[in-house]
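Trainee: What follows is work-v3.txt, compact mmCIF, C-alpha atoms and all ligand atoms.
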```txt
# COMPACT_ATOMS: atom_id res chain seq x y z
CA MET A 1 39.31 99.42 137.37
CA ASP A 2 40.06 95.90 136.38
CA GLN A 3 43.41 94.65 135.15
CA GLU A 4 43.83 94.59 131.43
CA ASP A 5 45.76 91.62 130.20
CA MET A 6 49.06 92.79 128.90
CA ASP A 7 50.32 91.66 125.61
CA LEU A 8 54.07 91.28 125.63
CA ARG A 9 54.07 92.02 121.93
CA ASP A 10 53.31 95.62 122.86
CA TYR A 11 56.52 95.88 124.83
CA CYS A 12 59.11 95.59 122.09
CA ILE A 13 60.70 92.41 123.38
CA LEU A 14 62.03 91.67 119.88
CA GLU A 15 64.67 93.72 118.13
CA SER A 16 62.52 93.83 114.98
CA GLN A 17 59.66 95.32 117.02
CA ARG A 18 61.95 97.97 118.49
CA LEU A 19 63.24 98.80 115.04
CA GLU A 20 59.70 99.40 113.82
CA THR A 21 58.98 101.97 116.54
CA PHE A 22 61.45 104.50 115.09
CA LYS A 23 59.07 106.81 113.24
CA SER A 24 61.86 109.33 112.88
CA TRP A 25 65.47 109.63 113.99
CA PRO A 26 68.06 112.40 113.61
CA PHE A 27 70.96 110.23 112.41
CA LYS A 28 71.62 108.29 109.22
CA ALA A 29 72.14 104.55 108.93
CA ASP A 30 75.94 104.91 108.70
CA ALA A 31 76.21 106.83 112.00
CA PRO A 32 77.33 104.93 115.13
CA CYS A 33 74.08 106.05 116.71
CA CYS A 34 71.83 104.74 113.94
CA VAL A 35 68.38 103.24 114.31
CA SER A 36 69.52 99.64 113.87
CA LYS A 37 72.24 100.00 116.53
CA MET A 38 69.72 101.62 118.88
CA ALA A 39 67.27 98.74 118.44
CA GLU A 40 70.10 96.22 118.84
CA ALA A 41 71.16 97.89 122.11
CA GLY A 42 67.62 97.46 123.47
CA PHE A 43 66.07 100.86 122.75
CA TYR A 44 62.70 101.55 121.26
CA TRP A 45 61.49 104.96 120.18
CA CYS A 46 59.08 106.85 122.42
CA GLY A 47 59.55 110.32 121.04
CA ASN A 48 57.30 112.73 119.19
CA GLU A 49 57.79 115.52 116.65
CA HIS A 50 59.22 117.86 119.31
CA GLU A 51 61.46 115.31 121.02
CA ILE A 52 62.50 113.11 118.19
CA ASP A 53 65.42 111.39 119.98
CA THR A 54 63.66 110.04 123.09
CA VAL A 55 64.06 106.29 123.53
CA ALA A 56 63.60 103.74 126.32
CA CYS A 57 65.07 100.32 127.09
CA PHE A 58 62.74 97.37 126.71
CA VAL A 59 64.17 95.68 129.82
CA CYS A 60 65.08 98.34 132.38
CA GLY A 61 62.76 101.04 131.03
CA LYS A 62 65.49 103.68 131.21
CA SER A 63 64.53 106.66 129.06
CA LEU A 64 67.26 108.67 127.32
CA ASP A 65 67.40 111.64 124.99
CA GLY A 66 69.99 114.17 123.75
CA TRP A 67 71.86 111.71 121.57
CA ASP A 68 74.85 112.60 119.38
CA ALA A 69 75.55 110.98 116.03
CA ASN A 70 78.78 109.46 117.37
CA ASP A 71 77.32 108.02 120.58
CA ASP A 72 77.61 104.28 120.99
CA PRO A 73 74.13 103.08 122.01
CA TRP A 74 75.54 100.09 123.96
CA ALA A 75 78.05 102.23 125.85
CA GLU A 76 75.46 104.88 126.71
CA HIS A 77 73.02 102.21 127.84
CA LYS A 78 75.66 100.73 130.13
CA LYS A 79 76.61 104.17 131.45
CA HIS A 80 73.08 105.27 132.29
CA ALA A 81 71.61 101.93 133.37
CA PRO A 82 74.51 99.85 134.75
CA ARG A 83 72.13 97.41 136.43
CA CYS A 84 70.08 96.60 133.35
CA ALA A 85 70.00 92.84 132.78
CA PHE A 86 70.07 93.20 129.01
CA VAL A 87 73.02 95.56 128.82
CA ASN A 88 74.91 93.35 131.23
CA LEU A 89 74.52 90.42 128.88
CA GLY A 90 75.99 92.83 126.34
CA ARG A 91 75.07 90.85 123.24
CA ALA A 92 72.68 91.45 120.38
CA GLU A 93 69.48 89.45 120.40
CA LYS A 94 70.66 86.93 117.78
CA ASP A 95 73.69 86.06 119.93
CA LEU A 96 71.72 85.45 123.12
CA THR A 97 70.84 81.87 123.92
CA VAL A 98 67.16 81.04 124.07
CA ALA A 99 67.52 80.55 127.83
CA GLU A 100 69.05 84.00 128.31
CA TRP A 101 66.38 85.64 126.24
CA LEU A 102 63.53 83.86 128.00
CA GLU A 103 65.03 84.86 131.34
CA LEU A 104 64.91 88.47 130.16
CA VAL A 105 61.31 88.14 129.03
CA ILE A 106 60.32 86.78 132.43
CA GLN A 107 62.13 89.66 134.13
CA ILE A 108 60.36 92.13 131.87
CA LYS A 109 57.04 90.55 132.72
CA THR A 110 57.75 90.74 136.45
CA TYR A 111 58.71 94.36 136.04
CA LEU A 112 55.59 95.11 134.01
CA ILE A 113 53.25 93.34 136.44
CA ASN A 114 54.68 95.32 139.34
CA LYS A 115 54.55 98.55 137.39
CA GLN A 116 50.96 97.93 136.36
CA TYR A 117 49.86 97.15 139.91
CA ASP A 118 51.83 100.03 141.43
CA GLN A 119 50.06 102.41 139.06
CA MET A 120 46.70 100.85 139.78
CA ARG A 121 47.27 101.05 143.49
CA LYS A 122 48.26 104.70 143.26
CA LYS A 123 45.12 105.52 141.29
CA VAL A 124 42.92 103.62 143.74
CA VAL A 125 44.45 105.37 146.75
CA LYS A 126 44.05 108.80 145.15
CA TYR A 127 40.46 108.11 144.13
CA CYS A 128 39.60 106.85 147.61
CA GLU A 129 41.12 109.88 149.32
CA ARG A 130 38.93 112.13 147.20
CA LYS A 131 35.84 110.05 147.92
CA ARG A 132 36.63 110.15 151.63
CA GLU A 133 36.79 113.95 151.60
CA GLU A 134 33.47 114.06 149.76
CA LEU A 135 31.95 111.71 152.28
CA ILE A 136 33.08 113.87 155.21
CA LYS A 137 31.70 117.00 153.54
CA SER A 138 28.40 115.42 152.69
CA ILE A 139 27.83 114.25 156.24
CA LYS A 140 29.11 117.36 158.07
CA GLY A 141 27.16 119.55 155.68
CA MET B 142 17.63 135.35 179.60
CA PRO B 143 18.27 131.79 180.30
CA ARG B 144 19.01 129.60 177.43
CA THR B 145 16.92 126.53 176.97
CA LYS B 146 18.98 123.62 177.96
CA LEU B 147 16.99 121.31 175.86
CA SER B 148 17.72 122.94 172.54
CA LYS B 149 21.42 122.94 173.29
CA ASN B 150 21.27 119.32 174.19
CA ALA B 151 19.33 118.69 171.05
CA LYS B 152 21.97 120.41 168.92
CA ARG B 153 24.73 118.58 170.71
CA ASN B 154 22.81 115.42 170.26
CA ARG B 155 22.37 116.22 166.62
CA ASP B 156 26.12 116.92 166.26
CA ALA B 157 26.98 113.80 168.17
CA ALA B 158 24.70 111.79 165.97
CA LYS B 159 26.31 113.32 162.88
CA ASP B 160 29.78 112.53 164.20
CA GLU B 161 28.78 109.03 164.94
CA THR B 162 27.31 108.57 161.49
CA LEU B 163 30.44 110.03 159.96
CA SER B 164 32.80 107.85 161.90
CA THR B 165 30.72 104.81 161.16
CA ARG B 166 30.56 105.65 157.47
CA LEU B 167 34.29 106.41 157.40
CA ARG B 168 35.10 103.18 159.13
CA GLU B 169 32.99 101.32 156.63
CA PHE B 170 34.58 103.23 153.77
CA ASP B 171 38.12 102.60 154.99
CA LEU B 172 37.37 98.95 155.45
CA GLU B 173 36.07 98.75 151.93
CA VAL B 174 39.19 100.49 150.55
CA ASP B 175 41.45 98.18 152.53
CA GLN B 176 39.57 95.23 151.18
CA PHE B 177 39.91 96.53 147.63
CA LEU B 178 43.63 97.16 148.01
CA SER B 179 44.30 93.77 149.51
CA ASP B 180 42.33 92.22 146.65
CA LEU B 181 44.55 94.15 144.30
CA GLU B 182 47.66 92.87 146.04
CA PHE B 183 46.29 89.36 145.91
CA LYS B 184 45.76 89.69 142.17
CA ARG B 185 49.28 91.10 141.75
CA GLN B 186 50.69 88.13 143.62
CA GLU B 187 48.63 85.80 141.47
CA ARG B 188 50.09 87.34 138.32
CA LEU B 189 53.61 87.17 139.72
CA ASP B 190 53.13 83.53 140.67
CA GLU B 191 51.84 82.82 137.20
CA ASN B 192 54.99 84.39 135.82
CA LYS B 193 57.11 82.35 138.21
CA SER B 194 55.49 79.13 137.04
CA LEU B 195 56.14 80.26 133.48
CA ALA B 196 59.80 80.60 134.46
CA ASN B 197 59.73 77.06 135.85
CA LEU B 198 58.13 75.84 132.66
CA VAL B 199 60.88 77.52 130.67
CA ARG B 200 63.45 75.69 132.79
CA THR B 201 61.94 72.35 131.80
CA LEU B 202 62.50 73.00 128.10
CA PRO B 203 65.00 70.65 126.47
CA GLN B 204 68.62 71.68 126.91
CA ARG B 205 69.13 71.81 123.17
CA ILE B 206 66.54 74.57 122.94
CA HIS B 207 68.06 76.43 125.91
CA ASP B 208 71.48 76.42 124.29
CA MET B 209 70.27 77.53 120.89
CA LYS B 210 71.10 81.04 119.79
CA MET B 211 68.11 83.33 119.25
CA GLY B 212 69.39 83.94 115.74
CA GLU B 213 69.17 80.21 114.98
CA LEU B 214 65.74 79.89 116.54
CA MET B 215 64.35 82.80 114.57
CA ALA B 216 65.79 81.41 111.36
CA MET B 217 63.67 78.28 111.83
CA GLU B 218 60.30 77.95 110.19
CA GLU B 219 58.67 76.14 113.10
CA LYS B 220 56.08 78.11 115.00
CA THR B 221 55.82 76.47 118.42
CA ILE B 222 58.39 75.26 120.89
CA ASP B 223 57.13 71.70 120.39
CA GLU B 224 57.66 71.95 116.65
CA VAL B 225 61.14 73.37 117.18
CA ASN B 226 61.96 70.54 119.54
CA VAL B 227 60.74 67.94 117.06
CA ALA B 228 62.81 69.57 114.32
CA LEU B 229 65.91 69.60 116.52
CA GLU B 230 65.37 65.98 117.49
CA LYS B 231 65.10 65.06 113.80
CA LYS B 232 68.28 66.95 113.07
CA ALA B 233 70.10 65.19 115.91
CA ALA B 234 68.82 61.82 114.68
CA ALA B 235 69.97 62.63 111.15
CA ASN B 236 73.41 63.43 112.51
CA ARG B 237 73.50 60.21 114.49
CA SER B 238 72.59 58.14 111.45
CA MET B 239 75.26 60.03 109.49
CA MET B 240 77.73 58.87 112.08
CA ASN B 241 76.48 55.31 111.83
CA ALA B 242 76.79 55.47 108.07
CA SER B 243 80.38 56.60 108.33
CA LEU B 244 81.11 53.87 110.83
CA LEU B 245 79.64 51.29 108.53
CA SER B 246 81.47 52.43 105.43
CA SER B 247 84.82 52.53 107.16
CA SER B 248 84.37 49.16 108.82
CA LYS B 249 83.65 47.62 105.41
CA LYS B 250 87.29 48.10 104.59
CA LYS B 251 88.68 45.08 102.85
CA SER B 252 92.03 43.58 103.64
CA LYS B 253 93.14 42.88 100.07
CA GLY B 254 95.40 45.33 98.37
CA ASP B 255 96.07 47.28 101.48
CA GLU B 256 99.51 48.69 101.01
CA GLY B 257 99.59 51.07 103.88
CA TYR B 258 98.39 54.59 104.41
CA LEU B 259 94.74 55.17 103.89
CA THR B 260 92.65 52.88 101.82
CA GLU B 261 89.90 54.25 99.64
CA ASP B 262 87.20 52.91 101.89
CA SER B 263 88.44 54.29 105.14
CA GLY B 264 89.22 57.53 103.42
CA SER B 265 85.69 58.01 102.20
CA GLY B 266 84.39 57.00 105.59
CA ASN B 267 86.36 59.79 107.10
CA MET B 268 85.00 62.21 104.57
CA ILE B 269 81.46 61.35 105.49
CA ALA B 270 82.28 61.76 109.14
CA THR B 271 83.84 65.11 108.46
CA SER B 272 80.92 66.37 106.44
CA ALA B 273 78.49 65.20 109.09
CA TYR B 274 80.54 67.01 111.65
CA THR B 275 80.68 70.29 109.79
CA GLY B 276 77.02 69.97 108.94
CA PHE B 277 76.29 69.58 112.61
CA THR B 278 78.36 72.50 113.74
CA ARG B 279 76.95 74.79 111.10
CA GLY B 280 73.47 73.80 112.17
CA MET B 281 72.66 72.45 108.76
CA THR B 282 70.62 69.35 108.19
CA PRO B 283 72.71 66.75 106.49
CA SER B 284 70.78 64.34 104.35
CA ALA B 285 69.84 61.47 106.58
CA ARG B 286 71.14 58.05 105.81
CA PRO B 287 68.95 55.62 107.71
CA VAL B 288 70.74 52.75 109.30
CA GLY B 289 68.59 49.75 110.12
CA PRO B 290 69.10 47.44 113.04
CA LEU B 291 70.69 44.87 110.75
CA SER B 292 73.32 47.16 109.36
CA SER B 293 74.16 48.67 112.72
CA ALA B 294 74.45 45.18 114.15
CA LYS B 295 76.76 44.41 111.28
CA ALA B 296 78.80 47.40 112.17
CA LYS B 297 79.04 46.19 115.73
CA SER B 298 79.94 42.65 114.78
CA ARG B 299 82.92 44.01 112.87
CA ASN B 300 84.56 45.14 116.07
CA ARG B 301 88.24 45.03 115.44
CA ARG B 302 90.94 45.75 117.85
CA SER B 303 93.22 48.32 116.41
CA ARG B 304 96.86 47.67 116.91
CA SER B 305 98.27 50.68 115.22
CA ALA B 306 96.72 51.33 111.87
CA CYS B 307 94.70 54.37 111.14
CA GLY B 308 91.17 54.16 109.89
CA TYR B 309 90.50 51.41 112.37
CA LEU B 310 89.65 53.82 115.08
CA ASN B 311 86.30 53.78 113.35
CA THR B 312 85.68 50.13 113.80
CA ILE B 313 84.76 49.95 117.43
CA GLY B 314 81.00 49.56 117.52
CA SER B 315 78.30 51.25 119.58
CA ASN B 316 76.71 54.50 118.58
CA SER B 317 78.33 56.46 121.32
CA SER B 318 81.91 55.75 120.47
CA THR B 319 81.17 56.37 116.82
CA ILE B 320 80.97 60.08 117.39
CA SER B 321 84.40 60.32 118.87
CA SER B 322 86.12 57.77 116.72
CA SER B 323 84.93 58.94 113.34
CA THR B 324 85.86 62.55 113.93
CA THR B 325 89.13 61.86 115.66
CA SER B 326 90.40 59.54 113.00
CA SER B 327 89.51 61.92 110.20
CA ARG B 328 91.43 64.70 111.87
CA THR B 329 94.45 62.73 112.94
CA THR B 330 95.02 61.31 109.51
CA THR B 331 94.97 64.64 107.79
CA ASP B 332 95.75 67.50 110.08
CA ARG B 333 97.83 66.22 112.88
CA MET B 334 100.82 64.82 111.05
CA SER B 335 103.22 67.27 112.52
CA ARG B 336 102.61 65.78 115.95
CA SER B 337 103.40 62.28 114.88
CA ARG B 338 105.74 60.46 117.20
CA MET B 339 105.93 56.90 115.97
CA ARG B 340 106.27 53.89 118.13
CA THR B 341 106.92 50.29 117.24
CA PRO B 342 103.88 48.09 116.81
CA LEU B 343 104.97 45.98 119.76
CA ASN B 344 104.91 48.90 122.12
CA ASN B 345 101.47 49.82 120.95
CA ARG B 346 100.19 46.34 121.40
CA VAL B 347 101.49 46.13 124.93
CA LYS B 348 99.97 49.46 125.72
CA ALA B 349 96.63 48.47 124.30
CA ALA B 350 96.66 45.19 126.15
CA SER B 351 97.47 46.85 129.43
CA ALA B 352 94.36 48.95 129.04
CA ASP B 353 92.41 45.71 129.15
CA ARG B 354 93.67 45.04 132.62
CA ALA B 355 93.30 48.59 133.84
CA ALA B 356 90.80 49.51 136.50
CA PRO B 357 87.29 50.27 135.23
CA VAL B 358 87.10 53.66 133.53
CA THR B 359 84.05 55.81 134.08
CA PRO B 360 83.17 57.87 131.01
CA LYS B 361 83.54 61.56 131.80
CA VAL B 362 80.94 62.59 129.26
CA CYS B 363 77.47 61.53 128.34
CA PRO B 364 77.67 59.58 125.06
CA ASN B 365 75.14 61.92 123.46
CA THR B 366 76.88 65.19 124.22
CA PRO B 367 77.69 67.44 121.29
CA LEU B 368 80.79 66.76 119.24
CA SER B 369 82.45 69.89 120.42
CA MET B 370 82.87 68.39 123.86
CA LEU B 371 85.32 65.83 122.59
CA ARG B 372 89.01 66.28 121.94
CA TYR B 373 91.29 64.68 119.44
CA PRO B 374 93.38 61.74 120.63
CA ARG B 375 97.04 62.38 121.11
CA ILE B 376 99.35 60.28 119.02
CA GLY B 377 100.24 57.12 120.87
CA GLU B 378 97.62 57.67 123.55
CA THR B 379 95.53 54.73 124.64
CA VAL B 380 91.89 55.36 123.86
CA ILE B 381 89.17 53.25 125.40
CA SER B 382 85.85 52.92 123.64
CA LEU B 383 82.66 53.28 125.62
CA THR B 384 82.16 49.55 125.36
CA GLY B 385 85.56 49.03 126.93
CA SER B 386 87.78 48.07 124.03
CA PRO B 387 91.24 49.58 124.14
CA ILE B 388 92.24 51.46 121.00
CA VAL B 389 95.58 52.99 120.21
CA ALA B 390 95.16 56.38 118.66
CA GLN B 391 98.04 56.34 116.24
CA CYS B 392 98.04 56.89 112.55
CA PRO B 393 100.70 56.25 109.98
CA SER B 394 102.23 59.43 108.78
CA ASP B 395 102.50 60.08 105.07
CA THR B 396 106.10 61.08 105.72
CA THR B 397 107.24 57.56 106.64
CA ALA B 398 107.10 54.31 104.71
CA THR B 399 104.75 52.00 106.54
CA VAL B 400 103.39 48.56 105.77
CA ASN B 401 99.94 47.78 107.10
CA ILE B 402 98.94 44.14 107.11
CA PRO B 403 95.28 43.47 107.86
CA ILE B 404 94.76 40.39 109.99
CA LYS B 405 91.58 38.77 111.23
CA ASP B 406 91.06 41.02 114.24
CA GLY B 407 92.93 44.16 113.38
CA VAL B 408 95.95 45.29 111.47
CA ILE B 409 99.68 44.91 111.87
CA SER B 410 101.43 48.12 111.09
CA LEU B 411 105.10 47.79 110.26
CA ARG B 412 107.09 50.96 110.81
CA PRO B 413 110.58 51.92 109.67
CA THR B 414 111.94 51.69 113.19
CA ARG B 415 113.97 48.81 114.65
CA LEU B 416 111.82 45.84 115.61
CA ASP B 417 113.36 43.75 118.38
CA ALA B 418 110.96 40.87 118.80
CA VAL B 419 107.68 39.67 117.36
CA HIS B 420 105.03 38.91 119.92
CA PRO B 421 103.49 35.40 119.57
CA ASP B 422 100.04 37.00 119.23
CA PHE B 423 101.04 38.42 115.89
CA ILE B 424 102.12 35.08 114.54
CA GLU B 425 98.89 33.47 115.70
CA SER B 426 96.73 35.99 113.94
CA ILE B 427 98.37 35.61 110.52
CA ASP B 428 96.49 33.17 108.32
CA ALA B 429 97.78 31.37 105.22
CA GLU B 430 96.52 33.91 102.74
CA THR B 431 97.99 36.82 104.67
CA TRP B 432 101.23 34.90 105.00
CA SER B 433 101.57 34.43 101.25
CA GLN B 434 100.82 38.12 100.78
CA ILE B 435 103.48 39.06 103.30
CA LYS B 436 106.02 36.94 101.43
CA GLU B 437 105.01 38.55 98.14
CA LEU B 438 105.36 41.91 99.77
CA GLN B 439 108.79 40.98 101.03
CA SER B 440 109.94 39.98 97.55
CA ASN B 441 108.55 43.21 96.15
CA LEU B 442 110.35 45.20 98.80
CA ASN B 443 113.56 43.33 98.09
CA LYS B 444 113.26 44.11 94.39
CA LEU B 445 112.63 47.72 95.19
CA VAL B 446 115.59 47.88 97.56
CA LYS B 447 117.86 46.22 95.02
CA SER B 448 116.95 48.54 92.18
CA VAL B 449 117.16 51.70 94.27
CA ASP B 450 120.13 50.81 96.47
CA GLY B 451 123.12 53.05 95.92
CA LYS B 452 121.23 55.46 93.67
CA ILE B 453 119.97 57.72 96.42
ZN ZN C 501 68.21 98.56 129.85
```
Transcribe the structure of this file into structure tokens.
Mentor:
Amino acid sequence: MDQEDMDLRDYCILESQRLETFKSWPFKADAPCCVSKMAEAGFYWCGNEHEIDTVACFVCGKSLDGWDANDDPWAEHKKHAPRCAFVNLGRAEKDLTVAEWLELVIQIKTYLINKQYDQMRKKVVKYCERKREELIKSIKG
Amino acid sequence: MPRTKLSKNAKRNRDAAKDETLSTRLREFDLEVDQFLSDLEFKRQERLDENKSLANLVRTLPQRIHDMKMGELMAMEEKTIDEVNVALEKKAAANRSMMNASLLSSSKKKSKGDEGYLTEDSGSGNMIATSAYTGFTRGMTPSARPVGPLSSAKAKSRNRRSRSACGYLNTIGSNSSTISSSTTSSRTTTDRMSRSRMRTPLNNRVKAASADRAAPVTPKVCPNTPLSMLRYPRIGETVISLTGSPIVAQCPSDTTATVNIPIKDGVISLRPTRLDAVHPDFIESIDAETWSQIKELQSNLNKLVKSVDGKI
């Protein structure tokens, strides 16, 4: 159970990467809730054929579904994740300064490190509890 | 039937032994788990510290990279931060040499044939300054015009003290003041005419001279800050170059008839407002050639006045 090195490229930190994740989407390019607006507002696609409108934010991780064609991705992001650092900057990637963007990337990395270790810790604790039970059984007979 | 005490003891002993083994094994196990979890926490902290040092590293990046828009950065071909920085430095240097070029071309202005308003030379100098400025703000790379030490020294040696004429804002040397002077003059001559509030040359001269005796002025900006940080001079305002020379930011308006007379260390600008007295400094700075030109000018003006008088 060793740490795998995470590659930030897997986490959709660029708008172009988020855009590429949309394998399917219910609304056309001229809808307010189109793929390009979704990617601009920080969402990447994490749906499947049954839930085709499930997305998550690349910074705060907030997952949302049940979109309407007329929803404004930025407004919905703000409504459901008011503390998200990206939505609070409120600007598309190209209009962020390099400093702002790098600050976000560092925040994402902190978030991901903690998430990774929280998950690992949970797994370790669960595994050890099971092993402990087995140990008690094997000795008590 | 009595029970054998021994066997009971033996069982109890066996149980006790089992319990002891269990508790020992459990203690060992728990210790091992604790050790593993604290190792995990240690590794987490290590990763977080790494990230924190990355954040510190980011903070040491040049300000010009910090302030860049992501859109601009991504439009660049350079792959690494170092390459981007080098490219930005080159661009900044190109802009600086553009400014020097404009300074040089406007300070080359010749005195002969100057009949007021803008001369061709100072006009083109302003155009270069303007194009360098727009090139800079649009993030384009203007074609670099290298300025050697000789030519920039030449530009400096042409330091003239502006009395009131336009175009001469450009002549104060030093790279730093170039940025402000070249842009300000180009704007004031073209766009700011509506603000013009003319003063007599004498007033300007006195004002400029008093700046000489003023207390030391500390520049409020770093000479290399972007152009956008600067403002345009107000008409009649005393401007002081970064090397300390007082400049009067005033330009002749194309709505008034003005006579500009270049003299050895500046220009005398004659305005159509009442002139009460001529300061001795002016007389001193007029040489023989200029004097003959002034007299020629006077006779021309007289002819003009005579032929027009009464017809308008
Ligand atoms: Zn978010």
Trainee: What are the nearest atom pairs, with distances in Å to one decimal, for all residues of chain A that come at most 10 Å from chain B, using all atoms listed in the file, set out by chain and rising residue number as JSON lines?
Mentor:
```
{"residue": "A:Asp2", "atom": "CA", "partner": "B:Leu181", "partner_atom": "CA", "distance": 9.3}
{"residue": "A:Gln3", "atom": "CA", "partner": "B:Lys184", "partner_atom": "CA", "distance": 8.9}
{"residue": "A:Ala92", "atom": "CA", "partner": "B:Met211", "partner_atom": "CA", "distance": 9.4}
{"residue": "A:Glu93", "atom": "CA", "partner": "B:Met211", "partner_atom": "CA", "distance": 6.4}
{"residue": "A:Lys94", "atom": "CA", "partner": "B:Gly212", "partner_atom": "CA", "distance": 3.8}
{"residue": "A:Asp95", "atom": "CA", "partner": "B:Lys210", "partner_atom": "CA", "distance": 5.7}
{"residue": "A:Leu96", "atom": "CA", "partner": "B:Lys210", "partner_atom": "CA", "distance": 5.6}
{"residue": "A:Thr97", "atom": "CA", "partner": "B:Lys210", "partner_atom": "CA", "distance": 4.2}
{"residue": "A:Val98", "atom": "CA", "partner": "B:His207", "partner_atom": "CA", "distance": 5.0}
{"residue": "A:Ala99", "atom": "CA", "partner": "B:His207", "partner_atom": "CA", "distance": 4.6}
{"residue": "A:Glu100", "atom": "CA", "partner": "B:His207", "partner_atom": "CA", "distance": 8.0}
{"residue": "A:Trp101", "atom": "CA", "partner": "B:Met211", "partner_atom": "CA", "distance": 7.6}
{"residue": "A:Leu102", "atom": "CA", "partner": "B:Val199", "partner_atom": "CA", "distance": 7.4}
{"residue": "A:Glu103", "atom": "CA", "partner": "B:Ala196", "partner_atom": "CA", "distance": 7.4}
{"residue": "A:Val105", "atom": "CA", "partner": "B:Ala196", "partner_atom": "CA", "distance": 9.4}
{"residue": "A:Ile106", "atom": "CA", "partner": "B:Ala196", "partner_atom": "CA", "distance": 6.5}
{"residue": "A:Gln107", "atom": "CA", "partner": "B:Asn192", "partner_atom": "CA", "distance": 9.0}
{"residue": "A:Lys109", "atom": "CA", "partner": "B:Asn192", "partner_atom": "CA", "distance": 7.2}
{"residue": "A:Thr110", "atom": "CA", "partner": "B:Leu189", "partner_atom": "CA", "distance": 6.4}
{"residue": "A:Tyr111", "atom": "CA", "partner": "B:Leu189", "partner_atom": "CA", "distance": 9.6}
{"residue": "A:Leu112", "atom": "CA", "partner": "B:Leu189", "partner_atom": "CA", "distance": 10.0}
{"residue": "A:Ile113", "atom": "CA", "partner": "B:Leu189", "partner_atom": "CA", "distance": 7.0}
{"residue": "A:Asn114", "atom": "CA", "partner": "B:Arg185", "partner_atom": "CA", "distance": 7.3}
{"residue": "A:Gln116", "atom": "CA", "partner": "B:Arg185", "partner_atom": "CA", "distance": 8.9}
{"residue": "A:Tyr117", "atom": "CA", "partner": "B:Arg185", "partner_atom": "CA", "distance": 6.4}
{"residue": "A:Asp118", "atom": "CA", "partner": "B:Arg185", "partner_atom": "CA", "distance": 9.3}
{"residue": "A:Met120", "atom": "CA", "partner": "B:Leu181", "partner_atom": "CA", "distance": 8.4}
{"residue": "A:Arg121", "atom": "CA", "partner": "B:Leu178", "partner_atom": "CA", "distance": 7.0}
{"residue": "A:Val124", "atom": "CA", "partner": "B:Leu178", "partner_atom": "CA", "distance": 7.8}
{"residue": "A:Val125", "atom": "CA", "partner": "B:Val174", "partner_atom": "CA", "distance": 8.1}
{"residue": "A:Cys128", "atom": "CA", "partner": "B:Val174", "partner_atom": "CA", "distance": 7.0}
{"residue": "A:Glu129", "atom": "CA", "partner": "B:Val174", "partner_atom": "CA", "distance": 9.7}
{"residue": "A:Lys131", "atom": "CA", "partner": "B:Phe170", "partner_atom": "CA", "distance": 9.1}
{"residue": "A:Arg132", "atom": "CA", "partner": "B:Leu167", "partner_atom": "CA", "distance": 7.3}
{"residue": "A:Glu133", "atom": "CA", "partner": "B:Leu167", "partner_atom": "CA", "distance": 9.8}
{"residue": "A:Leu135", "atom": "CA", "partner": "B:Leu167", "partner_atom": "CA", "distance": 7.7}
{"residue": "A:Ile136", "atom": "CA", "partner": "B:Leu163", "partner_atom": "CA", "distance": 6.7}
{"residue": "A:Lys137", "atom": "CA", "partner": "B:Leu163", "partner_atom": "CA", "distance": 9.6}
{"residue": "A:Ser138", "atom": "CA", "partner": "B:Leu163", "partner_atom": "CA", "distance": 9.3}
{"residue": "A:Ile139", "atom": "CA", "partner": "B:Leu163", "partner_atom": "CA", "distance": 6.2}
{"residue": "A:Lys140", "atom": "CA", "partner": "B:Lys159", "partner_atom": "CA", "distance": 6.9}
{"residue": "A:Gly141", "atom": "CA", "partner": "B:Lys159", "partner_atom": "CA", "distance": 9.6}
```
Trainee: Record the distance separating CA of Asn236 in chain B and CA of Met217 in chain B, expressed in Å with one decimal.
Mentor: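 These two atoms are separated by 17.8 Å.
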Trainee: Counting all atoms listed in the file, which residues sit no farther than 9 Å from the position (66.8, 96.3, 115.4) in the file's frame? I'd like them as a list of chain:residue names.
Mentor: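 Nearby residues: A:Leu14, A:Glu15, A:Ser16, A:Gln17, A:Arg18, A:Leu19, A:Glu20, A:Val35, A:Ser36, A:Lys37, A:Met38, A:Ala39, A:Glu40, A:Ala41, A:Gly42, A:Phe43, A:Tyr44, A:Glu93.
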Trainee: As a list of chain:residue names, please: every protein or nucleic acid residue near ligand ZN 501 (chain C) (cut-off 6 Å, counting only C-alpha atoms and all ligand atoms).
Mentor: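 The neighbouring residues of ligand ZN 501 (chain C) are, in order, A:Cys57, A:Val59, A:Cys60, A:Lys62, A:Ala81, A:Cys84, A:Phe86, A:Val87.
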Trainee: Enclose all atoms of range 105-117 of chain A listed in the file in an axis-aligned box, grow every side by 4 Å, and hand back centre and edge lengths in Å to one decimal, as JSON.
Mentor:
```
{"center_x": 56.0, "center_y": 92.7, "center_z": 134.5, "size_x": 20.3, "size_y": 19.8, "size_z": 18.9}
```
Trainee: Find the distance between CA of Arg130 in chain A and CA of Glu161 in chain B and write it in Å to one decimal.
Mentor: 20.7 Å
Trainee: For a cut-off of 8 Å around (76.8, 101.3, 121.9), file coordinates, pick out all residues using all atoms listed in the file and list them as an mmCIF file with C-alpha atoms, in the frame of the given file.
Mentor:
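Below is the file selection_2.cif, written as the result:
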```cif
data_model
loop_
_atom_site.group_PDB
_atom_site.id
_atom_site.type_symbol
_atom_site.label_atom_id
_atom_site.label_comp_id
_atom_site.auth_asym_id
_atom_site.auth_seq_id
_atom_site.Cartn_x
_atom_site.Cartn_y
_atom_site.Cartn_z
ATOM 1 C CA PRO A 32 77.330 104.930 115.130
ATOM 2 C CA CYS A 33 74.080 106.050 116.710
ATOM 3 C CA LYS A 37 72.240 100.000 116.530
ATOM 4 C CA MET A 38 69.720 101.620 118.880
ATOM 5 C CA ALA A 41 71.160 97.890 122.110
ATOM 6 C CA ASP A 71 77.320 108.020 120.580
ATOM 7 C CA ASP A 72 77.610 104.280 120.990
ATOM 8 C CA PRO A 73 74.130 103.080 122.010
ATOM 9 C CA TRP A 74 75.540 100.090 123.960
ATOM 10 C CA ALA A 75 78.050 102.230 125.850
ATOM 11 C CA GLU A 76 75.460 104.880 126.710
ATOM 12 C CA HIS A 77 73.020 102.210 127.840
#
```
